[in-house]
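This is input38.pdb (PDB, C-alpha atoms).
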```pdb
ATOM      1  CA  MET A1213     117.245 100.622 100.781  1.00  0.00           C
ATOM      2  CA  VAL A1214     116.524  97.016 101.714  1.00  0.00           C
ATOM      3  CA  ILE A1215     116.397  97.899 105.418  1.00  0.00           C
ATOM      4  CA  ALA A1216     114.089 100.818 104.639  1.00  0.00           C
ATOM      5  CA  GLY A1217     111.774  98.548 102.689  1.00  0.00           C
ATOM      6  CA  ALA A1218     111.690  96.047 105.519  1.00  0.00           C
ATOM      7  CA  PHE A1219     110.443  98.597 108.029  1.00  0.00           C
ATOM      8  CA  LEU A1220     108.266 100.939 105.981  1.00  0.00           C
ATOM      9  CA  GLY A1221     105.780 100.092 103.277  1.00  0.00           C
ATOM     10  CA  PRO A1222     104.935 101.909 100.083  1.00  0.00           C
ATOM     11  CA  ALA A1223     103.269 105.309 100.198  1.00  0.00           C
ATOM     12  CA  ARG A1224     101.108 104.621  97.129  1.00  0.00           C
ATOM     13  CA  LYS A1225      99.281 101.663  95.638  1.00  0.00           C
ATOM     14  CA  GLU A1226     101.143 101.994  92.320  1.00  0.00           C
ATOM     15  CA  GLY A1227     104.693 102.810  91.431  1.00  0.00           C
ATOM     16  CA  LEU A1228     108.256 101.614  91.639  1.00  0.00           C
ATOM     17  CA  ALA A1229     108.367 101.248  95.403  1.00  0.00           C
ATOM     18  CA  ARG A1230     105.443  98.818  95.396  1.00  0.00           C
ATOM     19  CA  MET A1231     107.199  96.622  92.820  1.00  0.00           C
ATOM     20  CA  PHE A1232     110.404  96.584  94.871  1.00  0.00           C
ATOM     21  CA  LEU A1233     108.740  96.124  98.245  1.00  0.00           C
ATOM     22  CA  SER A1234     106.194  93.474  97.264  1.00  0.00           C
ATOM     23  CA  GLY A1235     108.836  90.757  96.935  1.00  0.00           C
ATOM     24  CA  LEU A1236     110.931  91.803  99.925  1.00  0.00           C
ATOM     25  CA  ARG A1237     111.103  89.184 102.668  1.00  0.00           C
ATOM     26  CA  THR A1238     112.860  89.133 106.029  1.00  0.00           C
ATOM     27  CA  ARG A1239     115.562  86.806 104.705  1.00  0.00           C
ATOM     28  CA  HIS A1240     116.392  89.305 101.955  1.00  0.00           C
ATOM     29  CA  TRP A1241     117.101  92.291 104.165  1.00  0.00           C
ATOM     30  CA  LEU A1242     118.872  90.164 106.778  1.00  0.00           C
ATOM     31  CA  PHE A1243     121.148  88.622 104.152  1.00  0.00           C
ATOM     32  CA  ALA A1244     121.885  91.962 102.467  1.00  0.00           C
ATOM     33  CA  THR A1245     122.594  93.676 105.787  1.00  0.00           C
ATOM     34  CA  LEU A1246     124.787  90.929 107.215  1.00  0.00           C
ATOM     35  CA  LEU A1247     126.736  90.474 103.989  1.00  0.00           C
ATOM     36  CA  THR A1248     127.400  94.207 103.740  1.00  0.00           C
ATOM     37  CA  ALA A1249     128.416  94.478 107.399  1.00  0.00           C
ATOM     38  CA  LEU A1250     130.781  91.500 107.110  1.00  0.00           C
ATOM     39  CA  LEU A1251     132.410  92.766 103.928  1.00  0.00           C
ATOM     40  CA  VAL A1252     132.847  96.344 105.108  1.00  0.00           C
ATOM     41  CA  SER A1253     134.069  95.402 108.570  1.00  0.00           C
ATOM     42  CA  GLY A1254     136.365  92.772 107.052  1.00  0.00           C
ATOM     43  CA  LEU A1255     137.908  95.287 104.695  1.00  0.00           C
ATOM     44  CA  ALA A1256     138.071  98.259 107.055  1.00  0.00           C
ATOM     45  CA  GLY A1257     138.032  96.673 110.538  1.00  0.00           C
ATOM     46  CA  PRO A1258     136.496  98.722 113.336  1.00  0.00           C
ATOM     47  CA  ASP A1259     136.240 101.720 111.015  1.00  0.00           C
ATOM     48  CA  GLY A1260     134.048  99.582 108.772  1.00  0.00           C
ATOM     49  CA  VAL A1261     131.662  98.958 111.646  1.00  0.00           C
ATOM     50  CA  ALA A1262     131.487 102.725 112.163  1.00  0.00           C
ATOM     51  CA  LEU A1263     130.694 103.203 108.456  1.00  0.00           C
ATOM     52  CA  CYS A1264     127.878 100.654 108.671  1.00  0.00           C
ATOM     53  CA  LEU A1265     126.456 102.458 111.693  1.00  0.00           C
ATOM     54  CA  VAL A1266     126.551 105.772 109.825  1.00  0.00           C
ATOM     55  CA  GLY A1267     124.536 104.212 107.010  1.00  0.00           C
ATOM     56  CA  LEU A1268     122.061 102.728 109.458  1.00  0.00           C
ATOM     57  CA  VAL A1269     121.544 106.028 111.295  1.00  0.00           C
ATOM     58  CA  VAL A1270     121.000 107.912 108.022  1.00  0.00           C
ATOM     59  CA  THR A1271     118.532 105.271 106.840  1.00  0.00           C
ATOM     60  CA  LEU A1272     116.559 105.388 110.099  1.00  0.00           C
ATOM     61  CA  ALA A1273     116.459 109.205 109.997  1.00  0.00           C
ATOM     62  CA  CYS A1274     115.097 109.027 106.445  1.00  0.00           C
ATOM     63  CA  LEU A1275     112.475 106.478 107.481  1.00  0.00           C
ATOM     64  CA  ILE A1276     111.224 108.700 110.269  1.00  0.00           C
ATOM     65  CA  ARG A1277     111.015 111.681 107.927  1.00  0.00           C
ATOM     66  CA  PHE A1278     109.269 109.794 105.117  1.00  0.00           C
ATOM     67  CA  LYS A1279     106.817 108.113 107.490  1.00  0.00           C
ATOM     68  CA  THR A1280     105.735 111.439 108.989  1.00  0.00           C
ATOM     69  CA  THR A1281     105.597 113.404 105.729  1.00  0.00           C
ATOM     70  CA  ILE A1282     104.219 111.012 103.098  1.00  0.00           C
ATOM     71  CA  GLY A1283     103.362 107.888 105.055  1.00  0.00           C
ATOM     72  CA  GLY A1284     105.708 105.474 103.322  1.00  0.00           C
ATOM     73  CA  LEU A1285     108.225 104.939 100.566  1.00  0.00           C
ATOM     74  CA  THR A1286     108.203 105.786  96.879  1.00  0.00           C
ATOM     75  CA  GLY A1287     110.749 105.047  94.193  1.00  0.00           C
ATOM     76  CA  ASP A1288     112.105 108.564  94.643  1.00  0.00           C
ATOM     77  CA  THR A1289     112.485 108.189  98.410  1.00  0.00           C
ATOM     78  CA  LEU A1290     114.300 104.878  97.948  1.00  0.00           C
ATOM     79  CA  GLY A1291     116.673 106.649  95.577  1.00  0.00           C
ATOM     80  CA  ALA A1292     117.093 109.491  98.058  1.00  0.00           C
ATOM     81  CA  ILE A1293     117.990 107.017 100.809  1.00  0.00           C
ATOM     82  CA  ASN A1294     120.593 105.510  98.506  1.00  0.00           C
ATOM     83  CA  GLU A1295     122.156 108.880  97.688  1.00  0.00           C
ATOM     84  CA  MET A1296     122.131 110.130 101.290  1.00  0.00           C
ATOM     85  CA  THR A1297     123.765 106.974 102.639  1.00  0.00           C
ATOM     86  CA  GLU A1298     126.422 107.145  99.917  1.00  0.00           C
ATOM     87  CA  VAL A1299     127.252 110.784 100.652  1.00  0.00           C
ATOM     88  CA  SER A1300     127.279 110.253 104.409  1.00  0.00           C
ATOM     89  CA  GLY A1301     129.465 107.166 103.947  1.00  0.00           C
ATOM     90  CA  LEU A1302     131.941 109.105 101.810  1.00  0.00           C
ATOM     91  CA  LEU A1303     132.013 111.923 104.361  1.00  0.00           C
ATOM     92  CA  ALA A1304     132.581 109.408 107.154  1.00  0.00           C
ATOM     93  CA  CYS A1305     135.420 107.808 105.135  1.00  0.00           C
ATOM     94  CA  TYR A1306     137.038 111.177 104.737  1.00  0.00           C
ATOM     95  CA  LEU A1307     136.766 111.874 108.456  1.00  0.00           C
ATOM     96  CA  LEU A1308     138.059 108.414 109.414  1.00  0.00           C
ATOM     97  CA  PHE A1309     140.870 107.961 106.927  1.00  0.00           C
ATOM     98  CA  ALA A1310     142.165 111.444 105.998  1.00  0.00           C
ATOM     99  CA  HIS A1311     144.678 111.794 108.803  1.00  0.00           C
TER
END
```
Structure rendered as structure tokens:
Amino acid sequence: MVIAGAFLGPARKEGLARMFLSGLRTRHWLFATLLTALLVSGLAGPDGVALCLVGLVVTLACLIRFKTTIGGLTGDTLGAINEMTEVSGLLACYLLFAH
């Protein structure tokens, strides 16, 4: 969600997304992304890097869709990004680790 907020602004002038996005700075999304990547890759090795890439691809796909359909982010779209990255991450874990 932090990466999404860094690359796409709010769709409306009011709402939850505006409150979240107004305080978001480059250092915030860089720190959150690097910390997550280090923790996941440290715990799961190369498979962790693959999991991070899955999350990134899903997030970018969502950004493209939300930009073209509603022109930005809302609180609901931020929540949808969260849920879709979680589900895709769990599916990727199953595919990577269920040998």
**Item:** Test item: residues at most 10 Å from A:Phe1219, all atoms listed in the file, excluding those fewer than 5 positions along its chain, as an MDAnalysis selection string
**Value:** chainID A and resid 1214 1238 1241 1272 1275 1284
Residue selection dump (C-alpha atoms) as a JSON list (two decimals), in the coordinates of the input:
```json
[["chain", "number", "residue", "atom", "x", "y", "z"],
["A", 1214, "VAL", "CA", 116.52, 97.02, 101.71],
["A", 1238, "THR", "CA", 112.86, 89.13, 106.03],
["A", 1241, "TRP", "CA", 117.10, 92.29, 104.16],
["A", 1272, "LEU", "CA", 116.56, 105.39, 110.10],
["A", 1275, "LEU", "CA", 112.48, 106.48, 107.48],
["A", 1284, "GLY", "CA", 105.71, 105.47, 103.32]]
```
Between stretch 1226-1280 of chain A and stretch 1289-1299 of chain A, at 10 Å or less, what are the per-residue closest atom pairs and their distances in Å? Count all atoms listed in the file, order by chain and rising residue number, and return it as CSV.
```
residue,atom,partner,partner_atom,distance
A:Leu1228,CA,A:Leu1290,CA,9.3
A:Ala1229,CA,A:Leu1290,CA,7.4
A:Phe1232,CA,A:Leu1290,CA,9.7
A:Leu1263,CA,A:Thr1297,CA,9.8
A:Cys1264,CA,A:Thr1297,CA,9.7
A:Val1266,CA,A:Thr1297,CA,7.8
A:Gly1267,CA,A:Thr1297,CA,5.2
A:Leu1268,CA,A:Thr1297,CA,8.2
A:Val1269,CA,A:Thr1297,CA,9.0
A:Val1270,CA,A:Thr1297,CA,6.1
A:Thr1271,CA,A:Ile1293,CA,6.3
A:Leu1272,CA,A:Ile1293,CA,9.5
A:Ala1273,CA,A:Ile1293,CA,9.6
A:Cys1274,CA,A:Ile1293,CA,6.6
A:Leu1275,CA,A:Ile1293,CA,8.7
A:Phe1278,CA,A:Thr1289,CA,7.6
```
Residues of the last selection are to be written out with C-alpha atoms, as an mmCIF file, in the coordinates of the input.
```
data_model
loop_
_atom_site.group_PDB
_atom_site.id
_atom_site.type_symbol
_atom_site.label_atom_id
_atom_site.label_comp_id
_atom_site.auth_asym_id
_atom_site.auth_seq_id
_atom_site.Cartn_x
_atom_site.Cartn_y
_atom_site.Cartn_z
ATOM 1 C CA LEU A 1228 108.256 101.614 91.639
ATOM 2 C CA ALA A 1229 108.367 101.248 95.403
ATOM 3 C CA PHE A 1232 110.404 96.584 94.871
ATOM 4 C CA LEU A 1263 130.694 103.203 108.456
ATOM 5 C CA CYS A 1264 127.878 100.654 108.671
ATOM 6 C CA VAL A 1266 126.551 105.772 109.825
ATOM 7 C CA GLY A 1267 124.536 104.212 107.010
ATOM 8 C CA LEU A 1268 122.061 102.728 109.458
ATOM 9 C CA VAL A 1269 121.544 106.028 111.295
ATOM 10 C CA VAL A 1270 121.000 107.912 108.022
ATOM 11 C CA THR A 1271 118.532 105.271 106.840
ATOM 12 C CA LEU A 1272 116.559 105.388 110.099
ATOM 13 C CA ALA A 1273 116.459 109.205 109.997
ATOM 14 C CA CYS A 1274 115.097 109.027 106.445
ATOM 15 C CA LEU A 1275 112.475 106.478 107.481
ATOM 16 C CA PHE A 1278 109.269 109.794 105.117
#
```
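Here atom CA of A:Ile1276 and atom CA of A:Leu1251 stand 27.3 Å from one another.
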**Close residues, A:Ala1249 itself excluded, 8 Å, all atoms listed in the file, min 2 positions apart in chain, as a ChimeraX atom specification** = /A:1245-1247,1251-1253,1260-1261,1264
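One finds atom CA of A:Thr1248 at 23.1 Å from atom CA of A:Met1231.
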